[in-house]
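Okay, work-v4.cif is below, mmCIF, N, CA, C and O atoms:
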```cif
data_query
#
loop_
_atom_site.label_atom_id
_atom_site.label_comp_id
_atom_site.auth_asym_id
_atom_site.auth_seq_id
_atom_site.Cartn_x
_atom_site.Cartn_y
_atom_site.Cartn_z
N MET U 1 55.25 41.94 -24.97
CA MET U 1 54.53 43.18 -25.13
C MET U 1 53.04 42.86 -25.30
O MET U 1 52.68 41.94 -26.00
N ASP U 2 52.21 43.65 -24.65
CA ASP U 2 50.77 43.40 -24.70
C ASP U 2 50.13 43.97 -25.97
O ASP U 2 50.78 44.65 -26.75
N LYS U 3 48.86 43.65 -26.16
CA LYS U 3 48.14 44.08 -27.36
C LYS U 3 48.09 45.60 -27.49
O LYS U 3 48.26 46.15 -28.57
N GLU U 4 47.81 46.27 -26.37
CA GLU U 4 47.71 47.73 -26.40
C GLU U 4 49.04 48.36 -26.80
O GLU U 4 49.08 49.32 -27.57
N GLY U 5 50.14 47.81 -26.30
CA GLY U 5 51.46 48.31 -26.64
C GLY U 5 51.76 48.16 -28.12
O GLY U 5 52.25 49.08 -28.77
N LYS U 6 51.42 47.00 -28.67
CA LYS U 6 51.63 46.77 -30.10
C LYS U 6 50.76 47.70 -30.93
O LYS U 6 51.18 48.20 -31.97
N LYS U 7 49.55 47.93 -30.44
CA LYS U 7 48.64 48.83 -31.16
C LYS U 7 49.19 50.26 -31.19
O LYS U 7 49.17 50.93 -32.22
N LEU U 8 49.73 50.72 -30.06
CA LEU U 8 50.33 52.05 -29.99
C LEU U 8 51.55 52.15 -30.90
O LEU U 8 51.73 53.15 -31.60
N ILE U 9 52.38 51.12 -30.89
CA ILE U 9 53.57 51.12 -31.73
C ILE U 9 53.19 51.12 -33.21
O ILE U 9 53.78 51.84 -34.01
N GLU U 10 52.20 50.33 -33.56
CA GLU U 10 51.77 50.27 -34.96
C GLU U 10 51.21 51.61 -35.42
O GLU U 10 51.51 52.09 -36.51
N GLU U 11 50.42 52.25 -34.56
CA GLU U 11 49.86 53.56 -34.90
C GLU U 11 50.96 54.61 -35.04
O GLU U 11 50.93 55.44 -35.95
N ALA U 12 51.95 54.56 -34.16
CA ALA U 12 53.07 55.50 -34.23
C ALA U 12 53.86 55.31 -35.52
O ALA U 12 54.25 56.28 -36.17
N LEU U 13 54.08 54.06 -35.91
CA LEU U 13 54.80 53.77 -37.15
C LEU U 13 54.03 54.28 -38.36
O LEU U 13 54.60 54.84 -39.28
N LYS U 14 52.73 54.10 -38.32
CA LYS U 14 51.87 54.55 -39.42
C LYS U 14 51.85 56.08 -39.53
O LYS U 14 51.87 56.63 -40.63
N ASN U 15 51.86 56.76 -38.39
CA ASN U 15 51.75 58.22 -38.37
C ASN U 15 53.10 58.94 -38.32
O ASN U 15 53.15 60.16 -38.20
N GLN U 16 54.19 58.19 -38.42
CA GLN U 16 55.53 58.79 -38.37
C GLN U 16 55.75 59.67 -39.60
O GLN U 16 55.52 59.26 -40.72
N ARG U 17 56.18 60.88 -39.36
CA ARG U 17 56.46 61.82 -40.45
C ARG U 17 57.81 61.48 -41.07
O ARG U 17 58.67 60.91 -40.41
N PRO U 18 58.00 61.84 -42.34
CA PRO U 18 59.24 61.48 -43.05
C PRO U 18 60.52 61.96 -42.37
O PRO U 18 61.53 61.27 -42.38
N HIS U 19 60.49 63.12 -41.76
CA HIS U 19 61.69 63.70 -41.16
C HIS U 19 61.82 63.38 -39.67
O HIS U 19 62.73 63.86 -39.01
N GLU U 20 60.93 62.55 -39.15
CA GLU U 20 60.80 62.36 -37.71
C GLU U 20 61.37 61.01 -37.27
O GLU U 20 61.22 60.00 -37.95
N ARG U 21 61.97 61.00 -36.11
CA ARG U 21 62.44 59.75 -35.52
C ARG U 21 61.25 59.01 -34.91
O ARG U 21 60.24 59.61 -34.54
N PHE U 22 61.41 57.69 -34.77
CA PHE U 22 60.30 56.88 -34.27
C PHE U 22 59.92 57.26 -32.85
O PHE U 22 58.74 57.30 -32.52
N ASN U 23 60.91 57.53 -32.00
CA ASN U 23 60.57 57.83 -30.60
C ASN U 23 59.71 59.08 -30.48
O ASN U 23 58.84 59.16 -29.61
N LYS U 24 59.90 60.04 -31.35
CA LYS U 24 59.06 61.25 -31.34
C LYS U 24 57.64 60.90 -31.76
O LYS U 24 56.67 61.38 -31.16
N ALA U 25 57.51 60.07 -32.78
CA ALA U 25 56.18 59.66 -33.25
C ALA U 25 55.46 58.86 -32.15
O ALA U 25 54.26 59.05 -31.93
N LEU U 26 56.19 57.99 -31.47
CA LEU U 26 55.59 57.20 -30.38
C LEU U 26 55.18 58.11 -29.24
O LEU U 26 54.09 57.96 -28.67
N SER U 27 56.01 59.07 -28.91
CA SER U 27 55.70 60.02 -27.85
C SER U 27 54.40 60.78 -28.16
O SER U 27 53.52 60.91 -27.31
N ARG U 28 54.28 61.24 -29.38
CA ARG U 28 53.09 61.98 -29.78
C ARG U 28 51.85 61.08 -29.74
O ARG U 28 50.79 61.49 -29.26
N THR U 29 51.98 59.86 -30.20
CA THR U 29 50.86 58.92 -30.22
C THR U 29 50.40 58.57 -28.81
O THR U 29 49.20 58.58 -28.53
N VAL U 30 51.34 58.27 -27.94
CA VAL U 30 50.99 57.90 -26.57
C VAL U 30 50.37 59.09 -25.84
O VAL U 30 49.38 58.92 -25.11
N SER U 31 50.88 60.29 -26.06
CA SER U 31 50.35 61.46 -25.36
C SER U 31 48.93 61.79 -25.79
O SER U 31 48.16 62.37 -25.02
N LYS U 32 48.56 61.41 -27.02
CA LYS U 32 47.17 61.61 -27.47
C LYS U 32 46.22 60.66 -26.75
O LYS U 32 45.07 61.01 -26.51
N LYS U 33 46.71 59.47 -26.42
CA LYS U 33 45.86 58.43 -25.83
C LYS U 33 45.85 58.46 -24.30
O LYS U 33 44.83 58.23 -23.68
N ILE U 34 47.01 58.69 -23.69
CA ILE U 34 47.15 58.59 -22.24
C ILE U 34 47.77 59.88 -21.71
O ILE U 34 48.82 60.31 -22.17
N ASP U 35 47.14 60.48 -20.72
CA ASP U 35 47.61 61.75 -20.18
C ASP U 35 48.54 61.58 -18.98
O ASP U 35 48.51 60.57 -18.29
N GLY U 36 49.35 62.60 -18.76
CA GLY U 36 50.14 62.73 -17.56
C GLY U 36 51.23 61.70 -17.36
O GLY U 36 51.84 61.20 -18.30
N LYS U 37 51.46 61.39 -16.07
CA LYS U 37 52.55 60.50 -15.69
C LYS U 37 52.35 59.09 -16.25
O LYS U 37 53.31 58.43 -16.61
N LYS U 38 51.11 58.63 -16.32
CA LYS U 38 50.84 57.29 -16.84
C LYS U 38 51.26 57.19 -18.30
O LYS U 38 51.83 56.18 -18.73
N GLY U 39 50.97 58.23 -19.07
CA GLY U 39 51.35 58.25 -20.48
C GLY U 39 52.85 58.26 -20.66
O GLY U 39 53.40 57.55 -21.51
N TYR U 40 53.52 59.07 -19.85
CA TYR U 40 54.98 59.15 -19.94
C TYR U 40 55.61 57.82 -19.55
O TYR U 40 56.52 57.34 -20.21
N LYS U 41 55.09 57.19 -18.50
CA LYS U 41 55.60 55.88 -18.06
C LYS U 41 55.37 54.84 -19.14
O LYS U 41 56.26 54.03 -19.43
N ARG U 42 54.21 54.86 -19.78
CA ARG U 42 53.90 53.91 -20.84
C ARG U 42 54.85 54.10 -22.02
O ARG U 42 55.36 53.13 -22.58
N TYR U 43 55.10 55.37 -22.39
CA TYR U 43 56.04 55.68 -23.46
C TYR U 43 57.43 55.13 -23.15
O TYR U 43 58.06 54.49 -23.99
N LEU U 44 57.91 55.37 -21.94
CA LEU U 44 59.24 54.89 -21.55
C LEU U 44 59.32 53.37 -21.59
O LEU U 44 60.31 52.81 -22.07
N ASP U 45 58.28 52.69 -21.10
CA ASP U 45 58.28 51.23 -21.11
C ASP U 45 58.32 50.69 -22.54
O ASP U 45 59.06 49.75 -22.84
N LEU U 46 57.52 51.29 -23.43
CA LEU U 46 57.50 50.84 -24.82
C LEU U 46 58.84 51.08 -25.50
O LEU U 46 59.36 50.20 -26.20
N MET U 47 59.42 52.26 -25.30
CA MET U 47 60.71 52.56 -25.93
C MET U 47 61.81 51.66 -25.38
O MET U 47 62.70 51.24 -26.12
N ASN U 48 61.75 51.33 -24.10
CA ASN U 48 62.75 50.42 -23.52
C ASN U 48 62.66 49.04 -24.16
O ASN U 48 63.69 48.43 -24.44
N GLU U 49 61.44 48.56 -24.39
CA GLU U 49 61.28 47.27 -25.05
C GLU U 49 61.81 47.31 -26.48
O GLU U 49 62.49 46.38 -26.93
N VAL U 50 61.52 48.39 -27.20
CA VAL U 50 62.00 48.54 -28.57
C VAL U 50 63.53 48.61 -28.59
O VAL U 50 64.18 47.95 -29.40
N ARG U 51 64.10 49.37 -27.68
CA ARG U 51 65.56 49.50 -27.62
C ARG U 51 66.23 48.19 -27.23
O ARG U 51 67.33 47.88 -27.71
N ASP U 52 65.59 47.41 -26.36
CA ASP U 52 66.14 46.12 -25.98
C ASP U 52 66.25 45.19 -27.19
O ASP U 52 67.27 44.55 -27.40
N VAL U 53 65.19 45.13 -28.00
CA VAL U 53 65.21 44.31 -29.20
C VAL U 53 66.29 44.82 -30.15
O VAL U 53 67.05 44.04 -30.72
N SER U 54 66.37 46.13 -30.29
CA SER U 54 67.36 46.74 -31.17
C SER U 54 68.78 46.38 -30.74
O SER U 54 69.62 46.01 -31.55
N ARG U 55 69.03 46.46 -29.45
CA ARG U 55 70.35 46.17 -28.91
C ARG U 55 70.70 44.68 -29.06
O ARG U 55 71.80 44.35 -29.48
N LYS U 56 69.76 43.81 -28.72
CA LYS U 56 70.02 42.37 -28.77
C LYS U 56 70.25 41.87 -30.19
O LYS U 56 71.10 41.02 -30.43
N GLU U 57 69.49 42.41 -31.14
CA GLU U 57 69.58 41.97 -32.53
C GLU U 57 70.63 42.73 -33.32
O GLU U 57 70.99 42.33 -34.43
N GLY U 58 71.07 43.88 -32.79
CA GLY U 58 72.04 44.70 -33.50
C GLY U 58 71.44 45.38 -34.72
O GLY U 58 72.09 45.49 -35.76
N ILE U 59 70.18 45.81 -34.60
CA ILE U 59 69.46 46.44 -35.71
C ILE U 59 68.97 47.82 -35.29
O ILE U 59 69.01 48.18 -34.11
N SER U 60 68.47 48.58 -36.26
CA SER U 60 67.99 49.94 -35.97
C SER U 60 66.65 49.89 -35.22
O SER U 60 65.99 48.85 -35.16
N ILE U 61 66.28 51.03 -34.68
CA ILE U 61 65.01 51.16 -33.96
C ILE U 61 63.84 50.81 -34.89
O ILE U 61 62.94 50.07 -34.51
N GLU U 62 63.86 51.36 -36.10
CA GLU U 62 62.76 51.12 -37.04
C GLU U 62 62.64 49.64 -37.39
O GLU U 62 61.54 49.10 -37.47
N LYS U 63 63.77 48.97 -37.58
CA LYS U 63 63.74 47.53 -37.88
C LYS U 63 63.25 46.73 -36.70
O LYS U 63 62.56 45.73 -36.85
N SER U 64 63.64 47.15 -35.50
CA SER U 64 63.18 46.42 -34.31
C SER U 64 61.68 46.60 -34.10
O SER U 64 61.01 45.66 -33.67
N VAL U 65 61.14 47.77 -34.45
CA VAL U 65 59.69 47.99 -34.36
C VAL U 65 58.98 47.05 -35.32
O VAL U 65 57.99 46.40 -34.95
N LYS U 66 59.48 46.95 -36.52
CA LYS U 66 58.88 46.05 -37.51
C LYS U 66 58.99 44.60 -37.07
O LYS U 66 58.07 43.80 -37.29
N LYS U 67 60.08 44.25 -36.42
CA LYS U 67 60.25 42.88 -35.93
C LYS U 67 59.24 42.58 -34.81
O LYS U 67 58.65 41.50 -34.78
N ILE U 68 59.03 43.53 -33.93
CA ILE U 68 58.05 43.37 -32.85
C ILE U 68 56.65 43.17 -33.43
O ILE U 68 55.86 42.37 -32.93
N LEU U 69 56.35 43.89 -34.49
CA LEU U 69 55.04 43.80 -35.12
C LEU U 69 54.92 42.59 -36.05
O LEU U 69 53.86 42.33 -36.60
N GLY U 70 56.02 41.87 -36.23
CA GLY U 70 56.01 40.67 -37.05
C GLY U 70 56.05 40.94 -38.54
O GLY U 70 55.58 40.15 -39.34
N ARG U 71 56.66 42.04 -38.91
CA ARG U 71 56.74 42.42 -40.33
C ARG U 71 58.09 42.13 -40.97
O ARG U 71 58.31 42.48 -42.12
N SER U 72 59.01 41.56 -40.23
CA SER U 72 60.33 41.31 -40.82
C SER U 72 60.62 39.85 -41.00
O SER U 72 60.00 39.00 -40.49
#
```

Encoded form (structure tokens):
Amino acid sequence: MDKEGKKLIEEALKNQRPHERFNKALSRTVSKKIDGKKGYKRYLDLMNEVRDVSRKEGISIEKSVKKILGRS
């Protein structure tokens, strides 16, 4: 994952509301930064990477995000 992707994920994690799932927070964060099809494609790519880590490690989405950011 590139620097920009990690930055977007970190911002989404920071701005995640208590009742909100991570993918919704990431969607909102990416849509603020990147418009249109490029933003949607970027969101899908980031979520796919997060889900891949989650699947391989057998952990939740939130834990996989923290692992990607090096917090676990």

For this session: Just say which residues the PyMOL selection byres ((chain U and resi 25-32) around 8) picks in this file, as a PyMOL selection string.
Result: chain U and resi 8-9+11-13+15-17+20-24+33-36+38-40+42-44

Exercise. So how many Å separate atom N of U:Ser60 and atom CA of U:Lys37, to one decimal?
Worked result: 28.6 Å

For this session: Point out the residue among U:Glu62, U:Arg71, U:Pro18, U:Lys3 with the least atom-to-atom distance to U:Val50, counting only C-alpha atoms.
Result: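 With only C-alpha atoms as the atom set, the closest residue is U:Glu62.
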
Exercise. Mind pulling up the distance from atom CA of U:His19 to atom CA of U:Ser64?
Worked result: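 These atoms are spaced 18.6 Å apart.
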
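When atom C of U:Lys67 is paired with atom C of U:Lys41, their separation reads 20.3 Å.
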
For this session: Mind listing the helix (DSSP H, G or I) residues of chain U, per DSSP on the backbone, as a count of residues only?
Result: 55

As a PDB file, keeping the file's coordinate frame, could you write out stretch 45-56 of chain U once it has been completed with all heavy atoms?
```pdb
ATOM      1  N   ASP U  45      58.280  52.690 -21.100  1.00  0.00           N
ATOM      2  CA  ASP U  45      58.280  51.230 -21.110  1.00  0.00           C
ATOM      3  C   ASP U  45      58.320  50.690 -22.540  1.00  0.00           C
ATOM      4  O   ASP U  45      59.060  49.750 -22.840  1.00  0.00           O
ATOM      5  CB  ASP U  45      57.044  50.686 -20.390  1.00  0.00           C
ATOM      6  CG  ASP U  45      57.089  50.922 -18.887  1.00  0.00           C
ATOM      7  OD1 ASP U  45      58.186  51.187 -18.353  1.00  0.00           O
ATOM      8  OD2 ASP U  45      56.017  50.855 -18.246  1.00  0.00           O
ATOM      9  N   LEU U  46      57.520  51.290 -23.430  1.00  0.00           N
ATOM     10  CA  LEU U  46      57.500  50.840 -24.820  1.00  0.00           C
ATOM     11  C   LEU U  46      58.840  51.080 -25.500  1.00  0.00           C
ATOM     12  O   LEU U  46      59.360  50.200 -26.200  1.00  0.00           O
ATOM     13  CB  LEU U  46      56.382  51.547 -25.591  1.00  0.00           C
ATOM     14  CG  LEU U  46      54.961  51.151 -25.216  1.00  0.00           C
ATOM     15  CD1 LEU U  46      53.950  52.075 -25.902  1.00  0.00           C
ATOM     16  CD2 LEU U  46      54.686  49.711 -25.581  1.00  0.00           C
ATOM     17  N   MET U  47      59.420  52.260 -25.300  1.00  0.00           N
ATOM     18  CA  MET U  47      60.710  52.560 -25.930  1.00  0.00           C
ATOM     19  C   MET U  47      61.810  51.660 -25.380  1.00  0.00           C
ATOM     20  O   MET U  47      62.700  51.240 -26.120  1.00  0.00           O
ATOM     21  CB  MET U  47      61.091  54.030 -25.742  1.00  0.00           C
ATOM     22  CG  MET U  47      60.495  54.957 -26.773  1.00  0.00           C
ATOM     23  SD  MET U  47      60.705  54.462 -28.494  1.00  0.00           S
ATOM     24  CE  MET U  47      62.458  54.521 -28.724  1.00  0.00           C
ATOM     25  N   ASN U  48      61.750  51.330 -24.100  1.00  0.00           N
ATOM     26  CA  ASN U  48      62.750  50.420 -23.520  1.00  0.00           C
ATOM     27  C   ASN U  48      62.660  49.040 -24.160  1.00  0.00           C
ATOM     28  O   ASN U  48      63.690  48.430 -24.440  1.00  0.00           O
ATOM     29  CB  ASN U  48      62.587  50.321 -22.007  1.00  0.00           C
ATOM     30  CG  ASN U  48      63.161  51.524 -21.291  1.00  0.00           C
ATOM     31  OD1 ASN U  48      64.046  52.194 -21.800  1.00  0.00           O
ATOM     32  ND2 ASN U  48      62.636  51.812 -20.109  1.00  0.00           N
ATOM     33  N   GLU U  49      61.440  48.560 -24.390  1.00  0.00           N
ATOM     34  CA  GLU U  49      61.280  47.270 -25.050  1.00  0.00           C
ATOM     35  C   GLU U  49      61.810  47.310 -26.480  1.00  0.00           C
ATOM     36  O   GLU U  49      62.490  46.380 -26.930  1.00  0.00           O
ATOM     37  CB  GLU U  49      59.799  46.852 -25.061  1.00  0.00           C
ATOM     38  CG  GLU U  49      59.303  46.415 -23.702  1.00  0.00           C
ATOM     39  CD  GLU U  49      57.907  45.850 -23.745  1.00  0.00           C
ATOM     40  OE1 GLU U  49      57.641  44.975 -24.590  1.00  0.00           O
ATOM     41  OE2 GLU U  49      57.080  46.291 -22.931  1.00  0.00           O
ATOM     42  N   VAL U  50      61.520  48.390 -27.200  1.00  0.00           N
ATOM     43  CA  VAL U  50      62.000  48.540 -28.570  1.00  0.00           C
ATOM     44  C   VAL U  50      63.530  48.610 -28.590  1.00  0.00           C
ATOM     45  O   VAL U  50      64.180  47.950 -29.400  1.00  0.00           O
ATOM     46  CB  VAL U  50      61.385  49.796 -29.238  1.00  0.00           C
ATOM     47  CG1 VAL U  50      62.066  50.117 -30.551  1.00  0.00           C
ATOM     48  CG2 VAL U  50      59.890  49.617 -29.448  1.00  0.00           C
ATOM     49  N   ARG U  51      64.100  49.370 -27.680  1.00  0.00           N
ATOM     50  CA  ARG U  51      65.560  49.500 -27.620  1.00  0.00           C
ATOM     51  C   ARG U  51      66.230  48.190 -27.230  1.00  0.00           C
ATOM     52  O   ARG U  51      67.330  47.880 -27.710  1.00  0.00           O
ATOM     53  CB  ARG U  51      65.942  50.608 -26.649  1.00  0.00           C
ATOM     54  CG  ARG U  51      65.645  51.980 -27.204  1.00  0.00           C
ATOM     55  CD  ARG U  51      66.067  53.073 -26.242  1.00  0.00           C
ATOM     56  NE  ARG U  51      65.733  54.384 -26.780  1.00  0.00           N
ATOM     57  CZ  ARG U  51      65.110  55.331 -26.103  1.00  0.00           C
ATOM     58  NH1 ARG U  51      64.759  55.133 -24.836  1.00  0.00           N
ATOM     59  NH2 ARG U  51      64.845  56.495 -26.658  1.00  0.00           N
ATOM     60  N   ASP U  52      65.590  47.410 -26.360  1.00  0.00           N
ATOM     61  CA  ASP U  52      66.140  46.120 -25.980  1.00  0.00           C
ATOM     62  C   ASP U  52      66.250  45.190 -27.190  1.00  0.00           C
ATOM     63  O   ASP U  52      67.270  44.550 -27.400  1.00  0.00           O
ATOM     64  CB  ASP U  52      65.282  45.438 -24.905  1.00  0.00           C
ATOM     65  CG  ASP U  52      65.484  46.040 -23.525  1.00  0.00           C
ATOM     66  OD1 ASP U  52      66.484  46.763 -23.327  1.00  0.00           O
ATOM     67  OD2 ASP U  52      64.632  45.782 -22.650  1.00  0.00           O
ATOM     68  N   VAL U  53      65.190  45.130 -28.000  1.00  0.00           N
ATOM     69  CA  VAL U  53      65.210  44.310 -29.200  1.00  0.00           C
ATOM     70  C   VAL U  53      66.290  44.820 -30.150  1.00  0.00           C
ATOM     71  O   VAL U  53      67.050  44.040 -30.720  1.00  0.00           O
ATOM     72  CB  VAL U  53      63.827  44.301 -29.899  1.00  0.00           C
ATOM     73  CG1 VAL U  53      63.894  43.645 -31.264  1.00  0.00           C
ATOM     74  CG2 VAL U  53      62.797  43.611 -29.027  1.00  0.00           C
ATOM     75  N   SER U  54      66.370  46.130 -30.290  1.00  0.00           N
ATOM     76  CA  SER U  54      67.360  46.740 -31.170  1.00  0.00           C
ATOM     77  C   SER U  54      68.780  46.380 -30.740  1.00  0.00           C
ATOM     78  O   SER U  54      69.620  46.010 -31.550  1.00  0.00           O
ATOM     79  CB  SER U  54      67.172  48.255 -31.172  1.00  0.00           C
ATOM     80  OG  SER U  54      68.160  48.887 -31.928  1.00  0.00           O
ATOM     81  N   ARG U  55      69.030  46.460 -29.450  1.00  0.00           N
ATOM     82  CA  ARG U  55      70.350  46.170 -28.910  1.00  0.00           C
ATOM     83  C   ARG U  55      70.700  44.680 -29.060  1.00  0.00           C
ATOM     84  O   ARG U  55      71.800  44.350 -29.480  1.00  0.00           O
ATOM     85  CB  ARG U  55      70.375  46.555 -27.425  1.00  0.00           C
ATOM     86  CG  ARG U  55      71.644  47.194 -26.982  1.00  0.00           C
ATOM     87  CD  ARG U  55      71.586  47.686 -25.536  1.00  0.00           C
ATOM     88  NE  ARG U  55      70.735  48.861 -25.404  1.00  0.00           N
ATOM     89  CZ  ARG U  55      69.646  48.932 -24.629  1.00  0.00           C
ATOM     90  NH1 ARG U  55      69.277  47.903 -23.897  1.00  0.00           N
ATOM     91  NH2 ARG U  55      68.935  50.022 -24.562  1.00  0.00           N
ATOM     92  N   LYS U  56      69.760  43.810 -28.720  1.00  0.00           N
ATOM     93  CA  LYS U  56      70.020  42.370 -28.770  1.00  0.00           C
ATOM     94  C   LYS U  56      70.250  41.870 -30.190  1.00  0.00           C
ATOM     95  O   LYS U  56      71.100  41.020 -30.430  1.00  0.00           O
ATOM     96  CB  LYS U  56      68.840  41.606 -28.160  1.00  0.00           C
ATOM     97  CG  LYS U  56      68.772  41.701 -26.668  1.00  0.00           C
ATOM     98  CD  LYS U  56      67.552  40.996 -26.118  1.00  0.00           C
ATOM     99  CE  LYS U  56      67.415  41.254 -24.634  1.00  0.00           C
ATOM    100  NZ  LYS U  56      66.153  40.709 -24.111  1.00  0.00           N
TER     101      LYS U  56
END
```
